[in-house]
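Visitor: File name work.cif; file contents mmCIF, C-alpha atoms; full text below.
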```
data_input
loop_
_atom_site.label_atom_id
_atom_site.label_comp_id
_atom_site.auth_asym_id
_atom_site.auth_seq_id
_atom_site.Cartn_x
_atom_site.Cartn_y
_atom_site.Cartn_z
CA MET T 1 0.00 0.00 0.00
CA LEU T 2 1.19 3.53 -0.81
CA ASP T 3 1.26 6.58 1.42
CA LYS T 4 0.54 10.05 0.06
CA ASN T 5 4.13 10.51 -1.13
CA GLY T 6 3.94 7.11 -2.82
CA ILE T 7 0.83 8.17 -4.74
CA ALA T 8 2.59 11.39 -5.78
CA LYS T 9 5.68 9.43 -6.82
CA ARG T 10 3.64 7.10 -9.04
CA ILE T 11 1.76 10.01 -10.64
CA ALA T 12 5.04 11.80 -11.32
CA LYS T 13 5.82 9.00 -13.81
CA GLU T 14 2.86 10.19 -15.91
CA VAL T 15 4.43 13.63 -16.34
CA GLN T 16 6.18 13.83 -19.68
CA ASP T 17 8.84 16.08 -21.18
CA GLY T 18 7.37 19.36 -22.41
CA TYR T 19 4.22 19.17 -20.29
CA TYR T 20 2.48 22.16 -18.73
CA VAL T 21 0.91 20.80 -15.54
CA ASN T 22 -1.67 22.14 -13.09
CA LEU T 23 -1.43 20.64 -9.62
CA GLY T 24 -4.33 20.75 -7.17
CA ILE T 25 -4.02 21.17 -3.42
CA GLY T 26 -3.03 18.17 -1.25
CA ILE T 27 -1.41 15.03 -2.70
CA PRO T 28 -1.14 16.60 -6.21
CA THR T 29 1.14 19.33 -4.84
CA LEU T 30 3.61 16.62 -3.77
CA VAL T 31 3.96 15.40 -7.36
CA ALA T 32 6.34 18.30 -8.14
CA ASN T 33 8.87 16.75 -5.73
CA PHE T 34 9.14 13.53 -7.75
CA VAL T 35 9.27 14.65 -11.38
CA ARG T 36 12.44 13.42 -13.12
CA ASP T 37 15.29 15.92 -13.39
CA ASP T 38 16.04 15.14 -17.02
CA ILE T 39 12.72 16.41 -18.42
CA GLU T 40 11.40 19.95 -18.85
CA VAL T 41 8.06 20.58 -17.15
CA GLU T 42 6.34 23.84 -16.18
CA PHE T 43 3.87 24.01 -13.33
CA GLN T 44 0.90 26.34 -13.67
CA SER T 45 -1.01 27.74 -10.73
CA GLU T 46 -4.42 29.12 -11.62
CA ASN T 47 -3.98 32.31 -9.60
CA GLY T 48 -1.64 33.45 -12.36
CA VAL T 49 1.81 31.93 -12.60
CA LEU T 50 3.53 29.56 -14.98
CA GLY T 51 6.95 28.22 -14.06
CA MET T 52 6.49 27.77 -10.33
CA GLY T 53 9.58 26.91 -8.32
CA PRO T 54 10.10 25.63 -4.78
CA PHE T 55 9.12 27.41 -1.58
CA PRO T 56 11.34 30.42 -0.78
CA PHE T 57 14.06 30.38 1.85
CA GLU T 58 13.12 31.89 5.20
CA GLY T 59 13.18 35.68 4.92
CA GLU T 60 12.89 35.65 1.12
CA GLU T 61 9.13 35.12 0.95
CA ASP T 62 7.19 37.71 -1.04
CA ALA T 63 3.51 38.41 -0.25
CA ASP T 64 2.96 39.17 -3.94
CA ILE T 65 4.12 35.74 -5.13
CA ILE T 66 1.87 32.89 -4.04
CA ASN T 67 0.28 29.74 -5.47
CA ALA T 68 -3.40 28.81 -5.61
CA GLY T 69 -3.09 27.32 -2.12
CA LYS T 70 -2.10 30.83 -0.96
CA GLN T 71 1.39 29.53 -0.07
CA THR T 72 4.46 31.66 -0.69
CA ILE T 73 6.44 30.32 -3.65
CA THR T 74 9.32 31.20 -5.96
CA THR T 75 9.49 31.22 -9.73
CA LEU T 76 12.02 29.60 -12.05
CA ALA T 77 13.83 31.19 -14.98
CA GLY T 78 11.36 31.54 -17.84
CA ALA T 79 8.37 31.97 -15.55
CA SER T 80 5.49 34.33 -16.31
CA PHE T 81 2.68 36.06 -14.41
CA PHE T 82 -0.76 36.77 -15.86
CA ASP T 83 -4.31 37.67 -14.88
CA SER T 84 -7.01 35.18 -13.87
CA ALA T 85 -8.86 35.29 -17.20
CA THR T 86 -5.63 34.50 -19.07
CA SER T 87 -4.93 31.73 -16.58
CA PHE T 88 -8.25 30.07 -17.29
CA SER T 89 -7.78 30.60 -21.02
CA MET T 90 -4.76 28.30 -20.62
CA ILE T 91 -6.97 25.80 -18.83
CA ARG T 92 -10.23 26.12 -20.79
CA GLY T 93 -8.37 26.36 -24.08
CA GLN T 94 -6.60 23.06 -23.31
CA HIS T 95 -3.11 24.52 -23.40
CA VAL T 96 -2.36 22.89 -20.05
CA ASP T 97 -1.42 19.30 -20.82
CA LEU T 98 -2.16 17.61 -17.54
CA THR T 99 -4.34 18.34 -14.52
CA ILE T 100 -3.79 16.44 -11.29
CA LEU T 101 -6.35 16.88 -8.55
CA GLY T 102 -7.89 15.22 -5.53
CA ALA T 103 -11.43 13.86 -5.22
CA MET T 104 -13.97 12.76 -2.64
CA GLU T 105 -15.68 10.42 -5.12
CA VAL T 106 -15.17 9.23 -8.69
CA ALA T 107 -17.78 7.28 -10.63
CA GLU T 108 -17.20 4.54 -13.20
CA ASN T 109 -18.44 6.92 -15.96
CA GLY T 110 -15.71 9.44 -15.08
CA ASP T 111 -17.88 11.79 -13.00
CA ILE T 112 -16.04 13.49 -10.15
CA ALA T 113 -17.21 15.03 -6.87
CA ASN T 114 -14.71 17.04 -4.85
CA TRP T 115 -16.20 20.33 -3.71
CA LYS T 116 -19.25 19.96 -1.53
CA ILE T 117 -20.63 17.77 1.24
CA PRO T 118 -24.32 18.51 1.93
CA GLY T 119 -24.84 19.61 5.52
CA LYS T 120 -21.25 20.76 5.91
CA MET T 121 -19.81 24.23 5.38
CA VAL T 122 -19.32 24.70 1.65
CA LYS T 123 -16.07 26.43 0.89
CA GLY T 124 -16.50 26.57 -2.86
CA MET T 125 -15.22 24.94 -5.98
CA GLY T 126 -12.40 27.38 -6.67
CA GLY T 127 -11.01 26.48 -10.08
CA ALA T 128 -11.92 22.78 -9.92
CA MET T 129 -15.01 22.96 -12.14
CA ASP T 130 -13.13 24.86 -14.85
CA LEU T 131 -10.23 22.41 -14.63
CA VAL T 132 -12.25 19.20 -14.87
CA ALA T 133 -14.61 20.50 -17.57
CA SER T 134 -11.75 21.52 -19.82
CA ALA T 135 -8.68 19.36 -19.32
CA GLU T 136 -8.19 16.50 -21.76
CA ASN T 137 -5.88 14.69 -19.42
CA ILE T 138 -7.02 14.49 -15.80
CA ILE T 139 -5.46 12.26 -13.17
CA VAL T 140 -7.16 11.93 -9.82
CA ALA T 141 -4.92 11.42 -6.79
CA MET T 142 -6.76 10.08 -3.77
CA MET T 143 -7.06 7.38 -1.15
CA HIS T 144 -9.09 4.39 -2.38
CA THR T 145 -11.47 4.55 0.58
CA ASN T 146 -12.67 7.35 2.87
CA LYS T 147 -12.05 7.68 6.61
CA ARG T 148 -14.98 5.38 7.32
CA GLY T 149 -13.47 2.71 5.08
CA GLU T 150 -16.06 3.21 2.32
CA SER T 151 -15.02 3.05 -1.32
CA LYS T 152 -14.52 6.35 -3.15
CA LEU T 153 -14.77 4.58 -6.53
CA LEU T 154 -18.48 4.26 -7.14
CA THR T 155 -21.11 3.26 -9.67
CA ALA T 156 -22.45 6.81 -9.40
CA CYS T 157 -21.31 9.73 -7.25
CA SER T 158 -23.51 10.42 -4.24
CA LEU T 159 -22.09 13.90 -3.59
CA PRO T 160 -22.80 16.99 -5.73
CA LEU T 161 -20.73 16.76 -8.92
CA THR T 162 -17.77 18.90 -9.89
CA GLY T 163 -17.79 17.63 -13.47
CA VAL T 164 -19.24 14.88 -15.65
CA GLY T 165 -17.44 12.13 -17.55
CA CYS T 166 -14.05 13.76 -17.23
CA VAL T 167 -11.70 11.55 -15.17
CA LYS T 168 -9.40 9.40 -17.31
CA LYS T 169 -6.99 7.97 -14.75
CA ILE T 170 -6.92 7.39 -10.99
CA VAL T 171 -3.96 6.66 -8.76
CA THR T 172 -4.83 5.60 -5.22
CA ASN T 173 -2.96 4.07 -2.30
CA LEU T 174 -3.97 0.66 -3.72
CA ALA T 175 -3.95 0.87 -7.51
CA VAL T 176 -3.63 2.63 -10.86
CA MET T 177 -6.77 2.52 -12.95
CA ASP T 178 -8.03 3.89 -16.25
CA VAL T 179 -11.61 5.09 -16.42
CA LYS T 180 -13.23 4.25 -19.75
CA ASP T 181 -16.29 2.62 -21.29
CA GLY T 182 -18.23 3.00 -18.05
CA ALA T 183 -15.83 1.06 -15.83
CA PHE T 184 -12.62 1.25 -13.82
CA HIS T 185 -9.87 -0.76 -15.53
CA LEU T 186 -7.18 -2.02 -13.19
CA LEU T 187 -3.69 -1.40 -14.60
CA GLU T 188 -1.31 -1.75 -11.65
CA ARG T 189 -1.34 -2.86 -8.02
CA ALA T 190 0.44 -0.96 -5.24
CA PRO T 191 3.32 -2.91 -3.66
CA GLY T 192 1.99 -5.72 -1.48
CA VAL T 193 -1.66 -5.24 -2.50
CA THR T 194 -3.63 -8.08 -4.13
CA VAL T 195 -6.22 -7.80 -6.89
CA GLU T 196 -8.78 -9.19 -4.44
CA GLU T 197 -8.10 -6.37 -1.99
CA ILE T 198 -8.57 -3.80 -4.75
CA VAL T 199 -11.79 -5.44 -5.91
CA ALA T 200 -13.08 -5.43 -2.32
CA ALA T 201 -12.28 -1.73 -1.92
CA THR T 202 -13.95 -0.71 -5.20
CA ALA T 203 -17.74 -0.25 -5.18
CA GLY T 204 -18.06 0.56 -8.90
CA THR T 205 -17.45 -1.81 -11.80
CA LEU T 206 -13.80 -2.86 -11.81
CA ILE T 207 -12.35 -4.76 -14.73
CA ALA T 208 -9.14 -6.67 -14.01
CA GLU T 209 -7.99 -8.56 -17.06
CA GLY T 210 -4.96 -10.86 -17.15
CA GLU T 211 -1.96 -10.54 -14.89
CA ILE T 212 -1.99 -7.17 -13.09
CA PRO T 213 1.59 -6.01 -12.49
CA GLU T 214 2.81 -4.42 -9.31
CA MET T 215 3.64 -0.75 -9.89
CA LYS T 216 7.27 0.30 -10.20
CA LEU T 217 8.18 3.44 -8.27
CA MET A 1 -3.31 63.21 -21.08
CA ILE A 2 -6.58 62.73 -19.27
CA ASN A 3 -5.74 62.97 -15.60
CA LYS A 4 -7.31 60.26 -13.42
CA LYS A 5 -5.43 61.13 -10.24
CA VAL A 6 -7.36 61.79 -7.05
CA ASN A 7 -5.63 62.87 -3.87
CA ASN A 8 -6.77 60.25 -1.44
CA VAL A 9 -9.00 57.29 -0.80
CA GLN A 10 -11.86 59.53 0.37
CA ASP A 11 -11.99 61.28 -3.00
CA ALA A 12 -11.53 57.97 -4.79
CA LEU A 13 -14.65 56.51 -3.20
CA GLN A 14 -16.93 59.50 -3.85
CA GLY A 15 -20.38 58.25 -4.83
CA VAL A 16 -20.15 54.93 -3.04
CA GLU A 17 -23.47 54.11 -1.38
CA SER A 18 -25.25 51.32 0.42
CA ASN A 19 -27.01 48.66 -1.70
CA MET A 20 -24.40 48.89 -4.46
CA THR A 21 -22.51 46.07 -6.16
CA PHE A 22 -18.71 46.13 -5.94
CA MET A 23 -15.98 44.14 -7.67
CA LEU A 24 -12.83 43.70 -5.61
CA GLY A 25 -9.58 42.34 -7.01
CA GLY A 26 -7.29 39.91 -5.22
CA PHE A 27 -6.66 36.21 -4.72
CA GLY A 28 -6.79 35.33 -1.04
CA LEU A 29 -5.10 38.34 0.55
CA CYS A 30 -2.74 38.81 -2.41
CA GLY A 31 -3.35 41.94 -4.47
CA ILE A 32 -6.42 43.14 -2.57
CA PRO A 33 -7.39 46.85 -2.53
CA GLU A 34 -6.51 47.32 1.15
CA ASN A 35 -7.10 51.06 1.25
CA ALA A 36 -10.47 50.95 -0.51
CA ILE A 37 -11.64 48.21 1.88
CA SER A 38 -10.62 50.30 4.93
CA GLU A 39 -12.52 53.25 3.52
CA LEU A 40 -15.62 51.13 2.86
CA VAL A 41 -15.51 50.13 6.53
CA ARG A 42 -15.15 53.78 7.59
CA LEU A 43 -18.00 54.92 5.31
CA GLY A 44 -20.20 52.25 6.88
CA VAL A 45 -22.07 51.49 3.65
CA ASN A 46 -24.11 48.33 4.03
CA ASN A 47 -26.31 45.86 2.20
CA VAL A 48 -23.68 45.65 -0.51
CA THR A 49 -22.96 42.83 -2.95
CA CYS A 50 -19.28 41.96 -3.37
CA ILE A 51 -17.86 40.13 -6.36
CA SER A 52 -14.48 38.84 -5.24
CA ASN A 53 -12.75 35.49 -5.68
CA ASN A 54 -12.38 35.10 -1.90
CA ALA A 55 -13.83 36.73 1.20
CA GLY A 56 -10.68 37.52 3.16
CA VAL A 57 -9.88 36.22 6.63
CA ASP A 58 -11.62 37.17 9.87
CA ASP A 59 -9.66 40.33 10.58
CA PHE A 60 -8.32 41.34 7.17
CA GLY A 61 -9.47 41.93 3.61
CA LEU A 62 -13.19 41.55 3.03
CA GLY A 63 -13.40 39.94 6.47
CA LEU A 64 -13.38 43.51 7.79
CA LEU A 65 -16.60 44.31 5.93
CA LEU A 66 -18.12 41.05 7.15
CA GLN A 67 -17.20 41.91 10.73
CA HIS A 68 -19.27 45.07 10.44
CA LYS A 69 -22.10 43.19 8.71
CA GLN A 70 -21.91 45.42 5.65
CA ILE A 71 -22.18 42.66 3.06
CA LYS A 72 -25.55 41.34 1.94
CA LYS A 73 -24.26 39.00 -0.74
CA MET A 74 -20.88 37.50 -1.70
CA ILE A 75 -20.13 36.20 -5.17
CA SER A 76 -16.95 34.12 -4.94
CA SER A 77 -15.31 30.87 -5.99
CA TYR A 78 -13.79 29.92 -2.64
CA VAL A 79 -14.56 31.22 0.83
CA GLY A 80 -12.86 28.74 3.11
CA GLU A 81 -10.71 30.94 5.34
CA ASN A 82 -13.19 32.94 7.34
CA ASP A 83 -15.10 31.88 10.49
CA GLU A 84 -17.33 34.96 10.58
CA PHE A 85 -18.24 34.30 6.96
CA GLU A 86 -19.27 30.76 7.89
CA ARG A 87 -21.34 31.97 10.84
CA GLN A 88 -23.21 34.57 8.78
CA MET A 89 -23.74 32.13 5.91
CA LEU A 90 -25.12 29.36 8.13
CA SER A 91 -27.39 31.80 10.01
CA GLY A 92 -28.78 33.07 6.71
CA GLU A 93 -27.59 36.66 7.27
CA LEU A 94 -25.29 36.41 4.27
CA GLU A 95 -26.27 35.31 0.80
CA VAL A 96 -23.55 33.42 -1.08
CA GLU A 97 -23.29 32.71 -4.80
CA LEU A 98 -20.46 30.28 -5.55
CA THR A 99 -19.09 30.51 -9.08
CA PRO A 100 -16.29 28.53 -10.75
CA GLN A 101 -13.12 30.60 -10.64
CA GLY A 102 -12.54 30.81 -14.40
CA THR A 103 -16.20 31.69 -14.94
CA LEU A 104 -15.94 34.44 -12.32
CA ALA A 105 -12.92 35.93 -14.09
CA GLU A 106 -14.63 35.72 -17.46
CA LYS A 107 -17.90 37.28 -16.18
CA CYS A 108 -15.80 40.30 -15.19
CA LYS A 109 -13.90 40.24 -18.47
CA ALA A 110 -17.17 40.01 -20.44
CA ALA A 111 -18.47 43.13 -18.66
CA GLN A 112 -15.20 44.89 -19.50
CA ALA A 113 -15.30 43.81 -23.14
CA GLY A 114 -18.98 44.41 -23.84
CA PHE A 115 -20.12 40.81 -24.13
CA PRO A 116 -23.51 40.21 -22.49
CA ALA A 117 -22.83 36.50 -22.00
CA PHE A 118 -20.66 33.59 -23.06
CA TYR A 119 -20.62 29.80 -23.09
CA THR A 120 -18.25 27.83 -20.88
CA PRO A 121 -17.92 24.10 -20.22
CA ALA A 122 -17.30 24.74 -16.49
CA GLY A 123 -20.09 23.45 -14.30
CA TYR A 124 -21.99 21.58 -17.00
CA GLY A 125 -23.92 18.71 -15.42
CA THR A 126 -23.50 20.16 -11.92
CA GLU A 127 -25.80 22.22 -9.70
CA ILE A 128 -24.04 25.38 -10.96
CA ALA A 129 -25.74 24.86 -14.33
CA GLU A 130 -29.24 24.39 -12.90
CA GLY A 131 -31.70 26.79 -14.52
CA LYS A 132 -29.12 27.98 -17.02
CA GLU A 133 -29.23 27.61 -20.79
CA THR A 134 -26.93 24.87 -22.09
CA ARG A 135 -25.84 24.18 -25.64
CA ASP A 136 -23.90 21.67 -27.67
CA PHE A 137 -20.94 22.97 -29.67
CA ASN A 138 -19.02 20.37 -31.65
CA GLY A 139 -20.26 17.55 -29.47
CA LYS A 140 -19.41 19.12 -26.12
CA MET A 141 -21.87 20.75 -23.73
CA TYR A 142 -21.55 24.34 -22.51
CA VAL A 143 -23.35 26.56 -20.02
CA LEU A 144 -24.44 30.14 -20.79
CA GLU A 145 -23.05 32.58 -18.22
CA HIS A 146 -23.87 36.29 -18.09
CA ALA A 147 -21.56 39.25 -17.64
CA TYR A 148 -21.57 40.90 -14.21
CA LYS A 149 -22.91 44.38 -13.67
CA ALA A 150 -21.30 46.41 -10.92
CA ASP A 151 -21.27 50.01 -9.70
CA PHE A 152 -17.63 50.15 -8.60
CA ALA A 153 -14.56 48.03 -9.24
CA PHE A 154 -11.80 48.38 -6.64
CA VAL A 155 -8.46 47.16 -7.91
CA LYS A 156 -4.92 47.25 -6.64
CA ALA A 157 -1.82 47.59 -8.82
CA TRP A 158 1.88 47.90 -8.06
CA LYS A 159 2.55 51.04 -10.11
CA GLY A 160 0.34 53.44 -11.97
CA ASP A 161 0.58 56.81 -13.61
CA GLU A 162 -1.73 59.81 -13.57
CA ALA A 163 -3.33 58.65 -16.82
CA GLY A 164 -4.55 55.54 -15.03
CA ASN A 165 -2.14 53.11 -16.71
CA LEU A 166 -1.38 50.17 -14.46
CA VAL A 167 1.46 47.72 -13.88
CA PHE A 168 1.09 44.73 -11.57
CA LYS A 169 3.59 42.65 -9.65
CA GLY A 170 3.74 38.87 -9.36
CA THR A 171 0.54 36.99 -8.64
CA ALA A 172 -0.96 40.15 -7.10
CA ARG A 173 -2.25 40.71 -10.64
CA ASN A 174 -4.90 37.93 -10.54
CA PHE A 175 -8.46 39.30 -10.93
CA ASN A 176 -7.47 42.97 -10.89
CA PRO A 177 -6.99 43.48 -14.65
CA CYS A 178 -10.22 41.58 -15.40
CA MET A 179 -12.22 43.98 -13.22
CA CYS A 180 -10.81 47.20 -14.72
CA GLY A 181 -13.52 48.77 -16.83
CA ALA A 182 -15.99 46.07 -15.81
CA ALA A 183 -17.95 48.39 -13.48
CA THR A 184 -19.43 51.87 -13.94
CA ILE A 185 -16.46 53.36 -12.09
CA THR A 186 -13.08 51.67 -11.67
CA VAL A 187 -10.96 52.88 -8.78
CA ALA A 188 -7.32 51.80 -8.86
CA GLU A 189 -5.04 52.09 -5.86
CA VAL A 190 -1.30 51.75 -6.34
CA GLU A 191 1.82 51.47 -4.23
CA GLU A 192 3.65 53.91 -6.45
CA LEU A 193 1.95 56.68 -8.43
CA VAL A 194 4.20 58.26 -11.05
CA SER A 195 3.89 61.11 -13.54
CA VAL A 196 2.90 60.36 -17.11
CA GLY A 197 5.85 59.41 -19.24
CA GLU A 198 7.61 57.51 -16.48
CA LEU A 199 6.05 54.15 -17.34
CA ASP A 200 7.18 52.50 -20.56
CA PRO A 201 4.06 52.14 -22.78
CA ASN A 202 5.36 48.71 -23.77
CA HIS A 203 5.08 47.51 -20.19
CA ILE A 204 1.57 48.67 -19.31
CA HIS A 205 -0.68 45.78 -18.20
CA VAL A 206 -3.94 47.77 -18.12
CA PRO A 207 -4.40 50.91 -20.26
CA GLY A 208 -5.76 53.94 -18.42
CA ILE A 209 -8.97 54.02 -20.46
CA PHE A 210 -10.31 51.26 -18.17
CA VAL A 211 -9.64 53.30 -15.02
CA GLN A 212 -11.63 56.33 -13.85
CA ARG A 213 -9.77 57.19 -10.63
CA ILE A 214 -6.29 56.40 -9.39
CA PHE A 215 -4.64 57.14 -6.04
CA ARG A 216 -1.61 56.10 -4.06
CA GLY A 217 -2.56 53.86 -1.14
CA GLU A 218 -1.41 55.23 2.23
CA GLN A 219 -0.08 51.90 3.42
CA TYR A 220 -0.02 48.24 2.54
CA GLU A 221 0.14 45.48 5.11
CA LYS A 222 0.31 42.73 2.45
CA ARG A 223 -0.45 40.02 4.93
CA ILE A 224 0.74 36.52 3.97
CA GLU A 225 -1.94 33.86 4.37
CA GLN A 226 0.24 30.73 4.26
CA LYS A 227 3.90 31.38 4.84
CA THR A 228 5.76 28.38 3.44
CA VAL A 229 9.55 28.22 3.32
CA ARG A 230 12.24 25.63 2.72
CA GLN A 231 15.37 25.03 4.73
CA ARG A 232 18.73 26.20 3.50
CA GLY A 233 21.45 23.75 2.68
#
```
Have the structure of the file written as structure tokens, please.

Guide:
Amino acid sequence: MLDKNGIAKRIAKEVQDGYYVNLGIGIPTLVANFVRDDIEVEFQSENGVLGMGPFPFEGEEDADIINAGKQTITTLAGASFFDSATSFSMIRGQHVDLTILGAMEVAENGDIANWKIPGKMVKGMGGAMDLVASAENIIVAMMHTNKRGESKLLTACSLPLTGVGCVKKIVTNLAVMDVKDGAFHLLERAPGVTVEEIVAATAGTLIAEGEIPEMKL
Amino acid sequence: MINKKVNNVQDALQGVESNMTFMLGGFGLCGIPENAISELVRLGVNNVTCISNNAGVDDFGLGLLLQHKQIKKMISSYVGENDEFERQMLSGELEVELTPQGTLAEKCKAAQAGFPAFYTPAGYGTEIAEGKETRDFNGKMYVLEHAYKADFAFVKAWKGDEAGNLVFKGTARNFNPCMCGAATITVAEVEELVSVGELDPNHIHVPGIFVQRIFRGEQYEKRIEQKTVRQRG
């Protein structure tokens, strides 16, 4: 089974040379730490920066340079700043190659719910609805089950949707799956996890054909 | 040169009244019009609608207007950092309209550019699209969203000149350029106000035509919401 860093490490392998990537808050943010050194990737943050670098050194933080999580950041050589409409033109216009974000639920038809729990304080969707409605390549990073042990991979989402039919790939603490043709397709197992355990933790339709390899990190 | 300079925040906010709709730039606490917000608190206008990506924190940014119960309705994409906001929302004192972030930016931009409405894929199939016109373009579904209408836009830039030309710094740019010219009157506050001719026309982010009033803000706290640093070595 993977921890959060393990999930990020596995997703980092999906990031290819020349990609512009938008990382959501939480596990997706960790992906930046594991991207190979020998490829060129630029990270976009929807509040208006392309070419995000690491956090600043103590004393060098600048209130005017933050990411979408409102954290102080730095920029790398070649970075650019822009307004919010331009930022979402990059996203809506499919110029961003890969979007990685978290989810509360994903359905076998690719629907995603990650912004609202009825009865709880609603904080808002931020840029998530724009991201999922527009991106061609969306990877969801999440735990396979919620804190109560219930599957987050469902036949249909029970929570209010963020977007419909948009998730293509999911990496959880247990497995890597494609989402297509109305089902989850098991591609890889996390180290030490059996197909049976993944099947048991998946409430939606899971197709596991042939030998399912253990993921290489 | 058409001079947009006003001497202070009091002059800049002439005509502001209760029951109006305001646009306020900023992302979190980054690039917010700190001086205009302080003046709105001092003026005590109430029952106002605020279009702003976020709602500040309890004791800073739009949180100050919330503290004084001046806001009737917030139109935002994310409001998670404010306890007083939560209290007023749950008690029904405060009306909240949540809008996808890119849609919010574009609804400002549409008002600026003279488009009454536009189609976006964001929110299709979700509760955000309920009651809205939807349409198929090339096999993909889109939602019709309308331009905002506001009385004042309060924006904050790094530098500006007396002609109202603006230059922004870092990610403090965010929604500010989108809101310029998107309301009846746009009020820009800047850290540095220079004479015309001092800014290179090639480096202007927002041309002065979109700005009606410009003033130098007295002071900027520029509070950091999440200070994150790495260790040396």

Visitor: Could you produce a table of the residues of chain A lying within 9 Å of chain T, with the nearest pair of atoms per residue and their separation in Å rounded to one decimal, using all atoms listed in the file, ordered by chain and increasing residue number, as CSV?

Guide:
```
residue,atom,partner,partner_atom,distance
A:Phe27,CA,T:Asn47,CA,6.8
A:Gly28,CA,T:Lys70,CA,6.5
A:Leu29,CA,T:Lys70,CA,8.2
A:Cys30,CA,T:Asp64,CA,5.9
A:Gly31,CA,T:Asp64,CA,6.9
A:Asn53,CA,T:Gly126,CA,8.2
A:Ser76,CA,T:Gly124,CA,7.8
A:Ser77,CA,T:Gly126,CA,4.6
A:Tyr78,CA,T:Gly124,CA,4.3
A:Val79,CA,T:Lys123,CA,5.0
A:Gly80,CA,T:Lys123,CA,4.5
A:Glu81,CA,T:Lys123,CA,8.3
A:Glu86,CA,T:Met121,CA,7.0
A:Met89,CA,T:Met121,CA,8.8
A:Leu90,CA,T:Met121,CA,7.9
A:Leu98,CA,T:Gly124,CA,6.1
A:Thr99,CA,T:Met125,CA,7.5
A:Pro100,CA,T:Gly127,CA,5.7
A:Gln101,CA,T:Gly127,CA,4.7
A:Gly102,CA,T:Phe88,CA,5.2
A:Thr103,CA,T:Asp130,CA,7.5
A:Leu104,CA,T:Ala85,CA,8.6
A:Ala105,CA,T:Ala85,CA,5.2
A:Glu106,CA,T:Ala85,CA,5.8
A:Cys108,CA,T:Ala85,CA,8.8
A:Lys109,CA,T:Ala85,CA,7.2
A:Thr120,CA,T:Arg92,CA,8.2
A:Pro121,CA,T:Ala133,CA,5.6
A:Ala122,CA,T:Asp130,CA,4.5
A:Gly123,CA,T:Met129,CA,5.5
A:Tyr124,CA,T:Gly163,CA,6.8
A:Gly125,CA,T:Val164,CA,6.1
A:Thr126,CA,T:Leu161,CA,5.3
A:Glu127,CA,T:Pro160,CA,7.2
A:Lys169,CA,T:Asp64,CA,6.7
A:Gly170,CA,T:Ile65,CA,5.3
A:Thr171,CA,T:Ile65,CA,5.2
A:Ala172,CA,T:Asp64,CA,5.1
A:Arg173,CA,T:Asp83,CA,5.6
A:Asn174,CA,T:Asp83,CA,4.4
A:Phe175,CA,T:Ser84,CA,5.3
A:Asn176,CA,T:Asp83,CA,7.3
A:Pro177,CA,T:Asp83,CA,6.4
A:Cys178,CA,T:Ala85,CA,6.7
A:Lys222,CA,T:Ala63,CA,6.0
A:Arg223,CA,T:Ala63,CA,6.7
A:Ile224,CA,T:Ala63,CA,5.4
A:Glu225,CA,T:Lys70,CA,6.1
A:Gln226,CA,T:Gln71,CA,4.6
A:Lys227,CA,T:Thr72,CA,5.6
A:Thr228,CA,T:Thr72,CA,5.4
A:Val229,CA,T:Phe55,CA,5.0
A:Arg230,CA,T:Phe57,CA,5.2
A:Gln231,CA,T:Phe57,CA,6.2
A:Arg232,CA,T:Phe57,CA,6.5
```

Visitor: Interatomic distance between CA of Thr155 (chain T) and CA of Glu108 (chain T)?

Guide: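 A separation of 5.4 Å between them.
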
Visitor: Evaluating the PyMOL selection byres ((chain A and resi 217) around 9) on the displayed file yields which residues, as a PyMOL selection string?

Guide: chain A and resi 8-9+33-36+156+189-192+215-216+218-220

Visitor: Report, in Å to a single decimal, how far apart CA of Lys73 (chain A) and CA of Ala129 (chain A) are.

Guide: 19.7 Å

Visitor: Please, which residues are within 7 Å of (-15.4, 51.7, -10.1) by the file's coordinates, counting only C-alpha atoms, and could they come as a tab-separated table (two decimals) with C-alpha atoms, in the coordinates of the input?

Guide:
```
chain	number	residue	atom	x	y	z
A	151	ASP	CA	-21.27	50.01	-9.70
A	152	PHE	CA	-17.63	50.15	-8.60
A	153	ALA	CA	-14.56	48.03	-9.24
A	154	PHE	CA	-11.80	48.38	-6.64
A	183	ALA	CA	-17.95	48.39	-13.48
A	184	THR	CA	-19.43	51.87	-13.94
A	185	ILE	CA	-16.46	53.36	-12.09
A	186	THR	CA	-13.08	51.67	-11.67
A	187	VAL	CA	-10.96	52.88	-8.78
```

Visitor: Report the distance between CA of Leu159 (chain T) and CA of Ser91 (chain A) in Å, rounded to one decimal place.

Guide: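 Computing the Euclidean distance for CA of Leu159 (chain T) and CA of Ser91 (chain A) yields 23.1 Å.
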
Visitor: Give as a ChimeraX atom specification the residues that the PyMOL selection byres ((chain A and resi 44-51) around 6) matches when applied to the coordinates above.

Guide: /A:17-23,41-43,52,70-75

Visitor: If the PyMOL selection byres ((chain T and resi 9) around 10) is run on the structure shown, which residues does it catch, given as a list of chain:residue names?

Guide: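 With the shown file as input, the PyMOL selection byres ((chain T and resi 9) around 10) matches T:Leu2, T:Asp3, T:Lys4, T:Asn5, T:Gly6, T:Ile7, T:Ala8, T:Arg10, T:Ile11, T:Ala12, T:Lys13, T:Glu14, T:Ile27, T:Pro28, T:Leu30, T:Val31, T:Ala32, T:Asn33, T:Phe34, T:Val35, T:Lys216, T:Leu217.
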
Visitor: Determine the nearest neighbour of Val16 (chain A) from the options A:Ala150, A:Met179, A:Gly160, A:Arg87, counting all atoms listed in the file.

Guide: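 That would be A:Ala150, the residue with the smallest distance to Val16 (chain A).
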